[in-house]
file entry-v3.tsv (TSV, C-alpha atoms)
chain	number	residue	atom	x	y	z
A	18	MET	CA	-1.31	-11.20	17.81
A	19	SER	CA	1.72	-12.26	19.78
A	20	PRO	CA	3.61	-9.28	21.25
A	21	ALA	CA	6.83	-11.02	20.19
A	22	ARG	CA	6.02	-10.51	16.52
A	23	PRO	CA	3.97	-7.34	16.02
A	24	VAL	CA	5.82	-6.35	12.81
A	25	ARG	CA	7.01	-8.69	10.07
A	26	GLY	CA	10.40	-8.39	8.45
A	27	TRP	CA	11.44	-9.67	5.05
A	28	ARG	CA	13.48	-12.87	4.97
A	29	GLN	CA	15.78	-11.49	2.30
A	30	ASP	CA	18.10	-8.49	2.70
A	31	VAL	CA	16.08	-5.45	1.54
A	32	ALA	CA	19.34	-3.88	0.35
A	33	ASP	CA	19.73	-6.78	-2.07
A	34	ARG	CA	16.23	-7.13	-3.49
A	35	PRO	CA	12.80	-5.56	-3.13
A	36	PHE	CA	9.78	-7.40	-1.84
A	37	ILE	CA	7.58	-5.75	-4.48
A	38	VAL	CA	8.04	-4.00	-7.83
A	39	ILE	CA	5.15	-1.91	-9.13
A	40	TRP	CA	5.05	-1.24	-12.87
A	41	GLU	CA	2.89	1.59	-14.19
A	42	SER	CA	2.20	-0.14	-17.50
A	43	THR	CA	0.25	2.82	-18.94
A	44	ARG	CA	-1.33	6.08	-17.91
A	45	ALA	CA	-4.30	5.53	-20.18
A	46	CYS	CA	-7.54	5.29	-18.19
A	47	PRO	CA	-11.15	6.40	-18.80
A	48	LEU	CA	-11.69	7.44	-15.18
A	49	ALA	CA	-11.11	10.85	-13.59
A	50	CYS	CA	-10.30	9.91	-9.99
A	51	ARG	CA	-9.92	12.83	-7.61
A	52	HIS	CA	-6.71	11.49	-6.08
A	53	CYS	CA	-4.96	10.14	-9.20
A	54	ARG	CA	-1.19	10.19	-8.76
A	55	ALA	CA	-0.61	9.71	-12.48
A	56	GLU	CA	-3.18	12.32	-13.60
A	57	ALA	CA	-4.29	9.64	-16.04
A	58	VAL	CA	-5.34	10.49	-19.59
A	59	PRO	CA	-7.62	8.75	-22.11
A	60	ASP	CA	-4.91	7.67	-24.56
A	61	ARG	CA	-1.69	5.69	-24.29
A	62	ASP	CA	1.65	7.52	-24.32
A	63	PRO	CA	3.88	6.59	-27.29
A	64	ARG	CA	6.87	6.67	-24.90
A	65	GLU	CA	5.54	3.70	-22.92
A	66	LEU	CA	7.70	0.62	-22.59
A	67	ASP	CA	6.75	-1.53	-25.57
A	68	THR	CA	6.31	-5.30	-25.36
A	69	ALA	CA	9.99	-6.06	-25.88
A	70	ALA	CA	11.04	-3.51	-23.24
A	71	ALA	CA	8.41	-4.82	-20.82
A	72	ARG	CA	9.72	-8.37	-21.27
A	73	GLU	CA	13.22	-7.07	-20.60
A	74	LEU	CA	11.90	-5.43	-17.41
A	75	LEU	CA	10.55	-8.81	-16.29
A	76	ASP	CA	13.97	-10.31	-17.02
A	77	GLN	CA	15.51	-7.66	-14.78
A	78	VAL	CA	13.05	-8.45	-11.99
A	79	ALA	CA	13.86	-12.15	-12.31
A	80	ALA	CA	17.56	-11.27	-12.06
A	81	PHE	CA	17.10	-10.33	-8.40
A	82	GLY	CA	17.06	-14.07	-7.75
A	83	ARG	CA	14.65	-16.33	-5.95
A	84	PRO	CA	12.26	-15.76	-4.47
A	85	ALA	CA	11.60	-13.12	-7.13
A	86	PRO	CA	9.88	-9.90	-6.08
A	87	LEU	CA	6.14	-9.67	-6.54
A	88	PHE	CA	5.52	-7.79	-9.81
A	89	VAL	CA	2.32	-5.72	-9.86
A	90	ILE	CA	1.07	-4.42	-13.21
A	91	THR	CA	-0.88	-1.24	-12.59
A	92	GLY	CA	-1.70	1.98	-14.45
A	93	GLY	CA	-3.82	3.85	-15.48
A	94	ASP	CA	-5.75	0.85	-16.61
A	95	PRO	CA	-3.51	-2.09	-17.58
A	96	PHE	CA	-6.32	-3.53	-19.69
A	97	GLN	CA	-5.58	-0.70	-22.14
A	98	ARG	CA	-2.44	-2.66	-23.12
A	99	PRO	CA	-3.16	-5.36	-25.73
A	100	ASP	CA	-0.06	-7.27	-24.59
A	101	LEU	CA	-1.19	-7.61	-20.95
A	102	LEU	CA	-1.83	-11.35	-21.11
A	103	GLU	CA	1.40	-11.99	-23.00
A	104	LEU	CA	3.37	-10.18	-20.30
A	105	ILE	CA	1.65	-12.08	-17.48
A	106	ARG	CA	2.51	-15.34	-19.23
A	107	TYR	CA	6.10	-14.23	-19.72
A	108	GLY	CA	6.43	-13.30	-16.04
A	109	ARG	CA	5.17	-16.75	-15.10
A	110	LEU	CA	7.72	-18.30	-17.47
A	111	ARG	CA	10.52	-16.31	-15.80
A	112	GLY	CA	9.43	-17.33	-12.31
A	113	VAL	CA	8.15	-13.86	-11.40
A	114	PRO	CA	4.83	-13.78	-9.47
A	115	VAL	CA	2.53	-11.29	-11.22
A	116	ALA	CA	-0.53	-9.50	-9.85
A	117	VAL	CA	-2.74	-7.00	-11.65
A	118	ALA	CA	-4.22	-3.75	-10.31
A	119	PRO	CA	-6.87	-2.66	-12.85
A	120	SER	CA	-9.16	0.35	-12.76
A	121	GLY	CA	-12.87	-0.06	-12.16
A	122	THR	CA	-13.97	0.25	-15.80
A	123	PRO	CA	-16.12	-1.77	-18.23
A	124	THR	CA	-12.97	-3.75	-19.12
A	125	LEU	CA	-13.36	-5.59	-15.79
A	126	THR	CA	-15.45	-8.34	-17.35
A	127	PRO	CA	-15.53	-11.95	-16.13
A	128	GLN	CA	-14.01	-12.93	-19.48
A	129	ASN	CA	-11.05	-10.59	-19.04
A	130	LEU	CA	-10.52	-11.66	-15.45
A	131	ARG	CA	-10.60	-15.32	-16.45
A	132	ALA	CA	-8.02	-14.59	-19.14
A	133	VAL	CA	-5.79	-12.83	-16.59
A	134	ARG	CA	-6.10	-15.77	-14.22
A	135	ASP	CA	-5.44	-18.32	-16.95
A	136	ALA	CA	-2.36	-16.36	-18.07
A	137	GLY	CA	-0.94	-16.86	-14.59
A	138	ALA	CA	-1.77	-13.80	-12.48
A	139	ILE	CA	-1.72	-14.75	-8.80
A	140	GLY	CA	-3.93	-11.93	-7.55
A	141	LEU	CA	-5.98	-8.84	-8.24
A	142	SER	CA	-6.33	-5.55	-6.40
A	143	LEU	CA	-9.42	-3.39	-6.72
A	144	SER	CA	-10.12	0.10	-5.39
A	145	LEU	CA	-13.24	0.81	-3.36
A	146	ASP	CA	-13.55	4.21	-1.70
A	147	GLY	CA	-17.05	4.02	-0.32
A	148	SER	CA	-19.63	1.49	0.81
A	149	THR	CA	-22.22	3.05	-1.52
A	150	ALA	CA	-22.31	3.94	-5.19
A	151	ALA	CA	-22.84	7.61	-4.38
A	152	LEU	CA	-19.61	7.84	-2.37
A	153	HIS	CA	-17.42	5.73	-4.62
A	154	ASP	CA	-18.61	7.01	-7.99
A	155	SER	CA	-18.31	10.66	-6.98
A	156	PHE	CA	-14.70	10.04	-5.95
A	157	ARG	CA	-13.87	8.16	-9.16
A	158	GLY	CA	-15.54	10.72	-11.42
A	159	VAL	CA	-17.66	8.28	-13.45
A	160	ARG	CA	-21.08	6.80	-12.69
A	161	GLY	CA	-21.24	3.02	-12.58
A	162	VAL	CA	-17.71	2.38	-11.28
A	163	TYR	CA	-19.03	1.06	-7.96
A	164	ARG	CA	-21.16	-1.57	-9.69
A	165	TRP	CA	-18.35	-2.56	-12.08
A	166	THR	CA	-16.00	-2.96	-9.14
A	167	LEU	CA	-18.39	-5.12	-7.11
A	168	ASP	CA	-19.14	-7.28	-10.15
A	169	ALA	CA	-15.42	-7.74	-10.79
A	170	TRP	CA	-14.91	-8.60	-7.14
A	171	ASP	CA	-17.58	-11.30	-7.37
A	172	ALA	CA	-16.17	-12.64	-10.65
A	173	ALA	CA	-12.60	-12.76	-9.33
A	174	ARG	CA	-13.61	-14.66	-6.22
A	175	THR	CA	-15.70	-17.09	-8.29
A	176	LEU	CA	-12.59	-17.68	-10.39
A	177	GLY	CA	-10.61	-18.44	-7.24
A	178	MET	CA	-8.41	-15.33	-7.50
A	179	LYS	CA	-6.95	-13.61	-4.45
A	180	VAL	CA	-8.48	-10.14	-4.14
A	181	GLN	CA	-7.08	-7.11	-2.31
A	182	ILE	CA	-9.34	-4.12	-1.72
A	183	ASN	CA	-7.70	-0.69	-1.55
A	184	THR	CA	-9.38	2.35	0.00
A	185	THR	CA	-8.11	5.92	-0.21
A	186	VAL	CA	-8.83	7.60	3.14
A	187	THR	CA	-10.09	11.16	2.69
A	188	ARG	CA	-12.45	13.52	4.47
A	189	ARG	CA	-15.17	12.40	2.06
A	190	ASN	CA	-15.24	8.84	3.37
A	191	LEU	CA	-13.84	9.06	6.92
A	192	HIS	CA	-17.08	8.19	8.65
A	193	ASP	CA	-17.94	5.52	6.07
A	194	LEU	CA	-14.82	3.45	6.83
A	195	PRO	CA	-16.53	1.02	9.26
A	196	ASP	CA	-19.32	0.36	6.73
A	197	LEU	CA	-16.71	-0.23	4.04
A	198	VAL	CA	-14.84	-2.69	6.26
A	199	ALA	CA	-18.15	-4.47	6.95
A	200	LEU	CA	-18.58	-4.82	3.19
A	201	VAL	CA	-15.10	-6.32	2.89
A	202	ARG	CA	-15.89	-8.77	5.69
A	203	GLU	CA	-19.21	-9.71	4.07
A	204	ARG	CA	-17.85	-10.26	0.54
A	205	GLY	CA	-14.43	-11.62	1.50
A	206	ALA	CA	-10.96	-10.44	0.52
A	207	MET	CA	-7.38	-11.53	1.03
A	208	LEU	CA	-6.53	-8.07	2.36
A	209	TRP	CA	-7.95	-4.58	2.94
A	210	SER	CA	-5.50	-1.72	2.56
A	211	ALA	CA	-6.22	1.79	3.85
A	212	PHE	CA	-4.26	4.20	1.65
A	213	PHE	CA	-3.35	7.54	3.24
A	214	LEU	CA	-3.34	10.23	0.60
A	215	VAL	CA	-0.04	11.68	-0.64
A	216	PRO	CA	-0.47	15.21	-2.06
A	217	THR	CA	0.76	14.57	-5.58
A	218	GLY	CA	-0.99	14.55	-8.95
A	219	ARG	CA	-4.70	15.36	-8.63
A	220	GLY	CA	-4.41	14.49	-4.93
A	221	ARG	CA	-2.93	17.96	-4.33
A	222	GLN	CA	-6.45	19.36	-4.58
A	223	LEU	CA	-7.87	17.22	-1.75
A	224	ASP	CA	-8.07	18.33	1.87
A	225	PRO	CA	-5.67	16.13	3.89
A	226	LEU	CA	-6.32	14.66	7.33
A	227	THR	CA	-4.66	16.21	10.35
A	228	PRO	CA	-1.98	14.17	12.16
A	229	ALA	CA	-4.39	13.66	15.09
A	230	GLU	CA	-7.08	12.34	12.75
A	231	ALA	CA	-4.53	10.05	11.12
A	232	GLU	CA	-3.69	8.58	14.55
A	233	ASP	CA	-7.38	7.91	15.14
A	234	VAL	CA	-7.74	6.16	11.77
A	235	LEU	CA	-4.57	4.11	12.25
A	236	ASN	CA	-5.88	2.83	15.56
A	237	PHE	CA	-9.23	2.07	13.93
A	238	VAL	CA	-7.40	0.03	11.25
A	239	HIS	CA	-5.63	-1.84	14.05
A	240	ASP	CA	-8.95	-2.56	15.76
A	241	VAL	CA	-10.65	-4.00	12.66
A	242	GLY	CA	-7.65	-6.21	11.98
A	243	LEU	CA	-9.47	-8.97	13.86
A	244	ALA	CA	-12.49	-8.59	11.55
A	245	VAL	CA	-10.60	-8.47	8.22
A	246	PRO	CA	-6.92	-8.77	7.24
A	247	ALA	CA	-5.91	-5.10	7.25
A	248	LYS	CA	-2.87	-3.00	6.33
A	249	THR	CA	-2.03	0.58	5.41
A	250	THR	CA	-0.32	2.16	2.41
A	251	GLU	CA	1.78	5.34	2.76
A	252	ALA	CA	1.11	5.32	6.50
A	253	HIS	CA	4.23	3.60	7.74
A	254	HIS	CA	3.61	4.79	11.28
A	255	PHE	CA	0.98	2.05	11.42
A	256	ARG	CA	3.92	-0.17	12.39
A	257	ARG	CA	4.58	2.10	15.36
A	258	VAL	CA	0.89	1.87	16.30
A	259	ALA	CA	1.05	-1.94	16.06
A	260	LEU	CA	3.97	-1.98	18.49
A	261	GLN	CA	2.27	0.42	20.88
A	262	ARG	CA	-0.99	-1.51	20.84
A	263	ALA	CA	0.82	-4.82	21.39
A	264	ILE	CA	2.41	-3.38	24.53
A	265	LEU	CA	-0.79	-1.76	25.79
A	266	GLY	CA	-2.75	-4.95	25.13
A	267	ALA	CA	-0.26	-7.02	27.11
A	268	LYS	CA	-0.52	-4.55	30.00
A	269	GLY	CA	-4.28	-4.17	29.87
A	270	GLN	CA	-4.00	-0.43	29.28
A	271	ASP	CA	-6.62	1.74	27.58
A	272	PRO	CA	-5.24	3.05	24.25
A	273	VAL	CA	-7.63	6.02	24.24
A	274	ARG	CA	-6.15	7.29	27.49
A	275	VAL	CA	-2.50	6.37	26.94
A	276	LEU	CA	-2.31	7.41	23.28
A	277	GLY	CA	-4.62	10.40	23.58
A	278	LEU	CA	-6.96	9.26	20.83
A	279	GLY	CA	-9.65	11.71	19.80
A	280	PRO	CA	-13.35	11.97	18.98
A	281	LEU	CA	-12.91	10.60	15.46
A	282	TYR	CA	-11.58	7.34	16.89
A	283	GLU	CA	-14.49	7.15	19.31
A	284	ARG	CA	-17.00	7.62	16.48
A	285	LEU	CA	-15.28	5.03	14.29
A	286	ARG	CA	-15.14	2.59	17.20
A	287	ALA	CA	-18.81	3.13	18.05
A	288	ARG	CA	-19.87	2.47	14.46
A	289	SER	CA	-17.59	-0.57	14.31
A	290	ARG	CA	-19.29	-2.00	17.39
A	291	ALA	CA	-22.72	-1.35	15.88
A	292	LEU	CA	-21.62	-3.38	12.85
A	293	ALA	CA	-20.14	-6.13	15.10
A	294	LEU	CA	-16.65	-5.48	13.73
A	295	ASP	CA	-15.38	-5.87	17.28
A	296	VAL	CA	-16.36	-9.55	17.18
A	297	PRO	CA	-13.16	-11.36	16.12
A	298	ALA	CA	-13.40	-13.28	12.87
A	299	ARG	CA	-9.69	-14.09	12.83
A	300	ARG	CA	-7.33	-15.64	15.39
A	301	ALA	CA	-4.73	-12.88	15.11
A	302	ARG	CA	-4.13	-9.59	13.40
A	303	ARG	CA	-1.95	-9.50	10.32
A	304	PRO	CA	1.38	-7.98	11.46
A	305	PRO	CA	2.37	-5.10	9.14
A	306	LEU	CA	5.29	-5.79	6.81
A	307	ASP	CA	8.40	-3.61	7.21
A	308	VAL	CA	8.58	-2.20	3.68
A	309	ASN	CA	9.09	1.44	2.70
A	310	ALA	CA	10.07	3.53	-0.32
A	311	GLY	CA	13.34	2.15	-1.64
A	312	ARG	CA	13.46	-0.33	1.23
A	313	GLY	CA	11.82	-3.43	-0.15
A	314	PHE	CA	9.83	-1.40	-2.70
A	315	ALA	CA	10.51	-0.09	-6.20
A	316	PHE	CA	8.33	1.61	-8.79
A	317	VAL	CA	8.88	1.67	-12.56
A	318	SER	CA	6.98	4.29	-14.55
A	319	HIS	CA	5.32	3.82	-17.93
A	320	THR	CA	8.42	5.28	-19.61
A	321	GLY	CA	10.87	3.14	-17.62
A	322	SER	CA	12.10	5.62	-15.00
A	323	VAL	CA	12.71	4.04	-11.58
A	324	HIS	CA	11.47	5.57	-8.32
A	325	PRO	CA	11.48	4.46	-4.67
A	326	SER	CA	7.68	4.83	-4.72
A	327	GLY	CA	5.02	5.77	-7.23
A	328	PHE	CA	4.27	8.79	-5.06
A	329	LEU	CA	7.89	9.95	-4.84
A	330	PRO	CA	8.67	11.67	-8.16
A	331	LEU	CA	12.46	11.62	-7.69
A	332	GLY	CA	14.01	9.30	-10.27
A	333	ALA	CA	17.08	7.10	-9.80
A	334	GLY	CA	17.62	6.03	-13.39
A	335	SER	CA	15.87	4.23	-16.24
A	336	VAL	CA	15.54	0.52	-16.95
A	337	ARG	CA	16.22	1.38	-20.59
A	338	GLU	CA	19.75	2.44	-19.63
A	339	ARG	CA	20.65	0.53	-16.47
A	340	PRO	CA	19.32	-2.73	-14.99
A	341	LEU	CA	16.76	-2.42	-12.24
A	342	THR	CA	18.95	-4.60	-10.03
A	343	GLU	CA	21.76	-2.02	-10.16
A	344	ILE	CA	19.46	0.96	-9.67
A	345	TYR	CA	17.80	-0.64	-6.65
A	346	ARG	CA	21.01	-1.88	-5.03
A	347	ASP	CA	23.46	0.92	-5.83
A	348	SER	CA	21.79	4.25	-6.66
A	349	ALA	CA	22.36	7.04	-4.14
A	350	LEU	CA	18.62	7.67	-3.74
A	351	PHE	CA	17.72	4.06	-2.94
A	352	THR	CA	20.70	3.40	-0.66
A	353	GLY	CA	20.09	6.68	1.17
A	354	LEU	CA	16.46	5.85	1.87
A	355	ARG	CA	17.58	2.60	3.48
A	356	GLU	CA	19.59	4.52	6.11
A	357	PRO	CA	17.28	5.55	8.99
A	358	ASP	CA	20.01	7.75	10.47
A	359	ARG	CA	19.60	10.11	7.51
A	360	LEU	CA	16.06	11.00	8.56
A	361	ARG	CA	15.56	14.53	9.84
A	362	GLY	CA	13.24	16.29	12.26
A	363	ARG	CA	11.15	14.18	14.60
A	364	CYS	CA	11.62	11.10	12.41
A	365	GLY	CA	15.38	11.33	12.92
A	366	HIS	CA	14.98	11.30	16.70
A	367	CYS	CA	12.16	8.75	16.91
A	368	GLU	CA	12.77	5.45	18.66
A	369	PHE	CA	10.50	3.75	16.09
A	370	ARG	CA	12.42	5.00	13.02
A	371	THR	CA	13.98	1.62	12.18
A	372	VAL	CA	10.57	-0.02	11.64
A	373	CYS	CA	8.64	3.06	10.57
A	374	GLY	CA	10.61	5.78	8.82
A	375	GLY	CA	7.47	7.65	7.85
A	376	SER	CA	6.20	8.21	4.32
A	377	ARG	CA	9.18	9.45	2.35
A	378	SER	CA	6.78	10.28	-0.46
A	379	ARG	CA	4.63	12.54	1.69
A	380	ALA	CA	7.70	14.14	3.28
A	381	TYR	CA	9.04	15.02	-0.16
A	382	CYS	CA	5.73	16.24	-1.57
A	383	VAL	CA	5.16	18.54	1.41
A	384	SER	CA	8.72	19.78	2.06
A	385	GLY	CA	10.78	18.97	-1.02
A	386	ASP	CA	13.10	16.83	1.15
A	387	PRO	CA	12.70	13.02	1.03
A	388	TYR	CA	14.43	12.76	4.43
A	389	ALA	CA	12.20	15.28	6.22
A	390	GLN	CA	9.88	14.29	9.04
A	391	GLU	CA	6.56	12.61	8.26
A	392	PRO	CA	3.99	15.46	8.07
A	393	LEU	CA	1.06	13.18	8.99
A	394	CYS	CA	2.55	11.78	12.21
A	395	ALA	CA	1.48	13.22	15.57
A	396	TYR	CA	3.88	11.16	17.71
A	397	ARG	CA	6.49	12.93	19.80
A	398	PRO	CA	9.65	10.83	20.12
A	399	GLY	CA	10.11	9.34	23.59
A	400	SER	CA	6.58	10.15	24.75
A	401	PHE	CA	5.31	6.57	24.88
A	402	PRO	CA	5.56	5.50	28.54
A	403	TYR	CA	6.87	1.94	28.06
A	404	GLN	CA	10.28	2.48	26.50
A	405	ASP	CA	11.85	-0.74	27.82
A	406	GLU	CA	9.07	-2.75	26.20
A	407	VAL	CA	9.49	-0.76	23.00
A	408	ALA	CA	13.18	-1.69	22.88
A	409	THR	CA	12.32	-5.37	23.40
A	410	LEU	CA	9.75	-5.42	20.61
A	411	LEU	CA	11.98	-3.46	18.23
A	412	HIS	CA	14.64	-6.10	18.77
A	413	ALA	CA	12.06	-8.82	18.07
A	414	ALA	CA	10.87	-7.00	14.95
A	415	ALA	CA	14.45	-6.69	13.66
A	416	GLY	CA	14.85	-10.45	13.85
A	417	ALA	CA	11.39	-11.43	12.65
A	418	GLY	CA	11.09	-12.93	9.20
A	419	GLY	CA	7.90	-13.48	7.31
A	420	GLN	CA	7.43	-13.32	3.60
A	421	GLU	CA	3.91	-12.53	2.43

call {"tool": "encode", "arguments": {"input": "entry-v3.tsv", "output": "structure tokens"}}
result
Amino acid sequence: MSPARPVRGWRQDVADRPFIVIWESTRACPLACRHCRAEAVPDRDPRELDTAAARELLDQVAAFGRPAPLFVITGGDPFQRPDLLELIRYGRLRGVPVAVAPSGTPTLTPQNLRAVRDAGAIGLSLSLDGSTAALHDSFRGVRGVYRWTLDAWDAARTLGMKVQINTTVTRRNLHDLPDLVALVRERGAMLWSAFFLVPTGRGRQLDPLTPAEAEDVLNFVHDVGLAVPAKTTEAHHFRRVALQRAILGAKGQDPVRVLGLGPLYERLRARSRALALDVPARRARRPPLDVNAGRGFAFVSHTGSVHPSGFLPLGAGSVRERPLTEIYRDSALFTGLREPDRLRGRCGHCEFRTVCGGSRSRAYCVSGDPYAQEPLCAYRPGSFPYQDEVATLLHAAAGAGGQE
């Protein structure tokens, strides 16, 4: 990775349009995942956006202009909606790129995936939280999910679909992460995303990582970025890590010593080396994209309420009453989250706040304040020794474009 471009910006003004819109099409799902934000239930909610309202939502997404935001249909399990294919086709007609994020259930058949592809979906994201059936199935609450997910992965790739693999990082799978990345490298994926748990929904019952452990995992994700295309979700300080590692790499400095990385990082690195994940399979790491809650990102619930993130339960309006374009561009919640000077605590004083900003979802779920400091960040503002280089790279990041 070139130090001049360690973080990607978005070519369009994030105050004008989001990069991505996530739509929770339903909360119906047969699984009982330990971390489920939606606390999914077996049956569909009669208050869900119906087909006509969902088509209107796609019209609102198209109204942002071109290039239209990526529209991800998630859930619950979107295959529980009989109009799924119709909505994908309508999005394609309106010029909106549509991806689907299904649950690992028996609905993930090659026939269904072919139908999704033929309707016009440009990609698929699947969740895999362990390299073995025992780890993954225990986390998802149903036996057989691991096998269904791998079979769907194979089918999607055979169909020529782009596949993203998402992994929720918890204490249950911390030491399995290198083996999981090796599986991603072996089977092939467009992207691997390490999701850092936000304590909401059923996730409130899980034991979170410490900030020091999170730093170790973030640096591990950076390391394996030469083995697989890697990113993080709800760990926006990965962008700070990318900047730090770019500087340390250019100076030939040891990140363990300079960043004070701990024993977890050493164990993850040792296992990665044993699996040959330190042997580059790519020319450069994928620079993280500068997107955050309300800043390039919007979430629409199954009932039509609009949120800066699916993990931030504060609502800014409803698409039934006000267009998504207006809510995103003008609501006090969304405009406030796009102002880094409103951040409080260590985030408010951090030199990396303009490209990081921390997880606003986690800040709110822990403190009740969406502008509070990121609870999972161990960095002390101003403590990185190469501040002149930081300023140079922050300036480069501010001017760097790069649409996914």

call {"tool": "residues_near_point", "arguments": {"input": "entry-v3.tsv", "point": "(14.2, -2.5, 19.2)", "cutoff": "12 Å", "atoms": "all atoms listed in the file", "output": "number ranges by chain"}}
result
A: 21-24, 257, 260, 367-373, 404-417

call {"tool": "atom_distance", "arguments": {"input": "entry-v3.tsv", "atom1": "atom CA of Thr249 of chain A", "atom2": "atom CA of Ala380 of chain A"}}
result
16.8 Å

call {"tool": "atom_distance", "arguments": {"input": "entry-v3.tsv", "atom1": "atom CA of Ala118 of chain A", "atom2": "atom CA of Arg355 of chain A"}}
result
26.6 Å

call {"tool": "residues_around", "arguments": {"input": "entry-v3.tsv", "residues": "Asn129 of chain A", "least_positions_apart": "3", "cutoff": "12 Å", "atoms": "only C-alpha atoms", "output": "ChimeraX atom specification"}}
result
/A:95-97,99,101-102,117,119,122-126,132-136,138,169,172-173,176

call {"tool": "residues_around", "arguments": {"input": "entry-v3.tsv", "residues": "Pro86 of chain A", "least_positions_apart": "3", "cutoff": "10 Å", "atoms": "only C-alpha atoms", "output": "VMD selection string"}}
result
chain A and resid 34 to 39 78 to 83 89 112 to 115 313 to 315

call {"tool": "closest_residue", "arguments": {"input": "entry-v3.tsv", "among": "A:Ile264, A:Leu292, A:Met178, A:Leu329", "to": "Tyr403 of chain A", "atoms": "only C-alpha atoms"}}
result
A:Ile264

call {"tool": "closest_residue", "arguments": {"input": "entry-v3.tsv", "among": "A:Asp271, A:Glu232, A:Asp94, A:Asp224", "to": "His254 of chain A", "atoms": "only C-alpha atoms"}}
result
A:Glu232

call {"tool": "closest_residue", "arguments": {"input": "entry-v3.tsv", "among": "A:Pro246, A:Pro297, A:Gly93, A:Gly375", "to": "Ala206 of chain A", "atoms": "all atoms listed in the file"}}
result
A:Pro246

call {"tool": "atom_distance", "arguments": {"input": "entry-v3.tsv", "atom1": "atom CA of Pro272 of chain A", "atom2": "atom CA of Ala389 of chain A"}}
result
27.9 Å

call {"tool": "residues_around", "arguments": {"input": "entry-v3.tsv", "residues": "Phe212 of chain A", "least_positions_apart": "2", "cutoff": "9 Å", "atoms": "all atoms listed in the file", "output": "list in words"}}
result
Asn183, Thr184, Thr185, Val186, Ser210, Leu214, Val215, Lys248, Thr249, Thr250, Glu251 and Ala252 of chain A

call {"tool": "closest_residue", "arguments": {"input": "entry-v3.tsv", "among": "A:Ala310, A:Val275, A:Ala71, A:Val323", "to": "Ser335 of chain A", "atoms": "only C-alpha atoms"}}
result
A:Val323

call {"tool": "residues_near_point", "arguments": {"input": "entry-v3.tsv", "point": "(-13.5, -13.5, -6.4)", "cutoff": "12 Å", "atoms": "only C-alpha atoms", "output": "ChimeraX atom specification"}}
result
/A:127,130-131,134,140-143,166-182,201,204-207

call {"tool": "residues_around", "arguments": {"input": "entry-v3.tsv", "residues": "Leu197 of chain A", "least_positions_apart": "6", "cutoff": "8 Å", "atoms": "all atoms listed in the file", "output": "VMD selection string"}}
result
chain A and resid 146 to 148
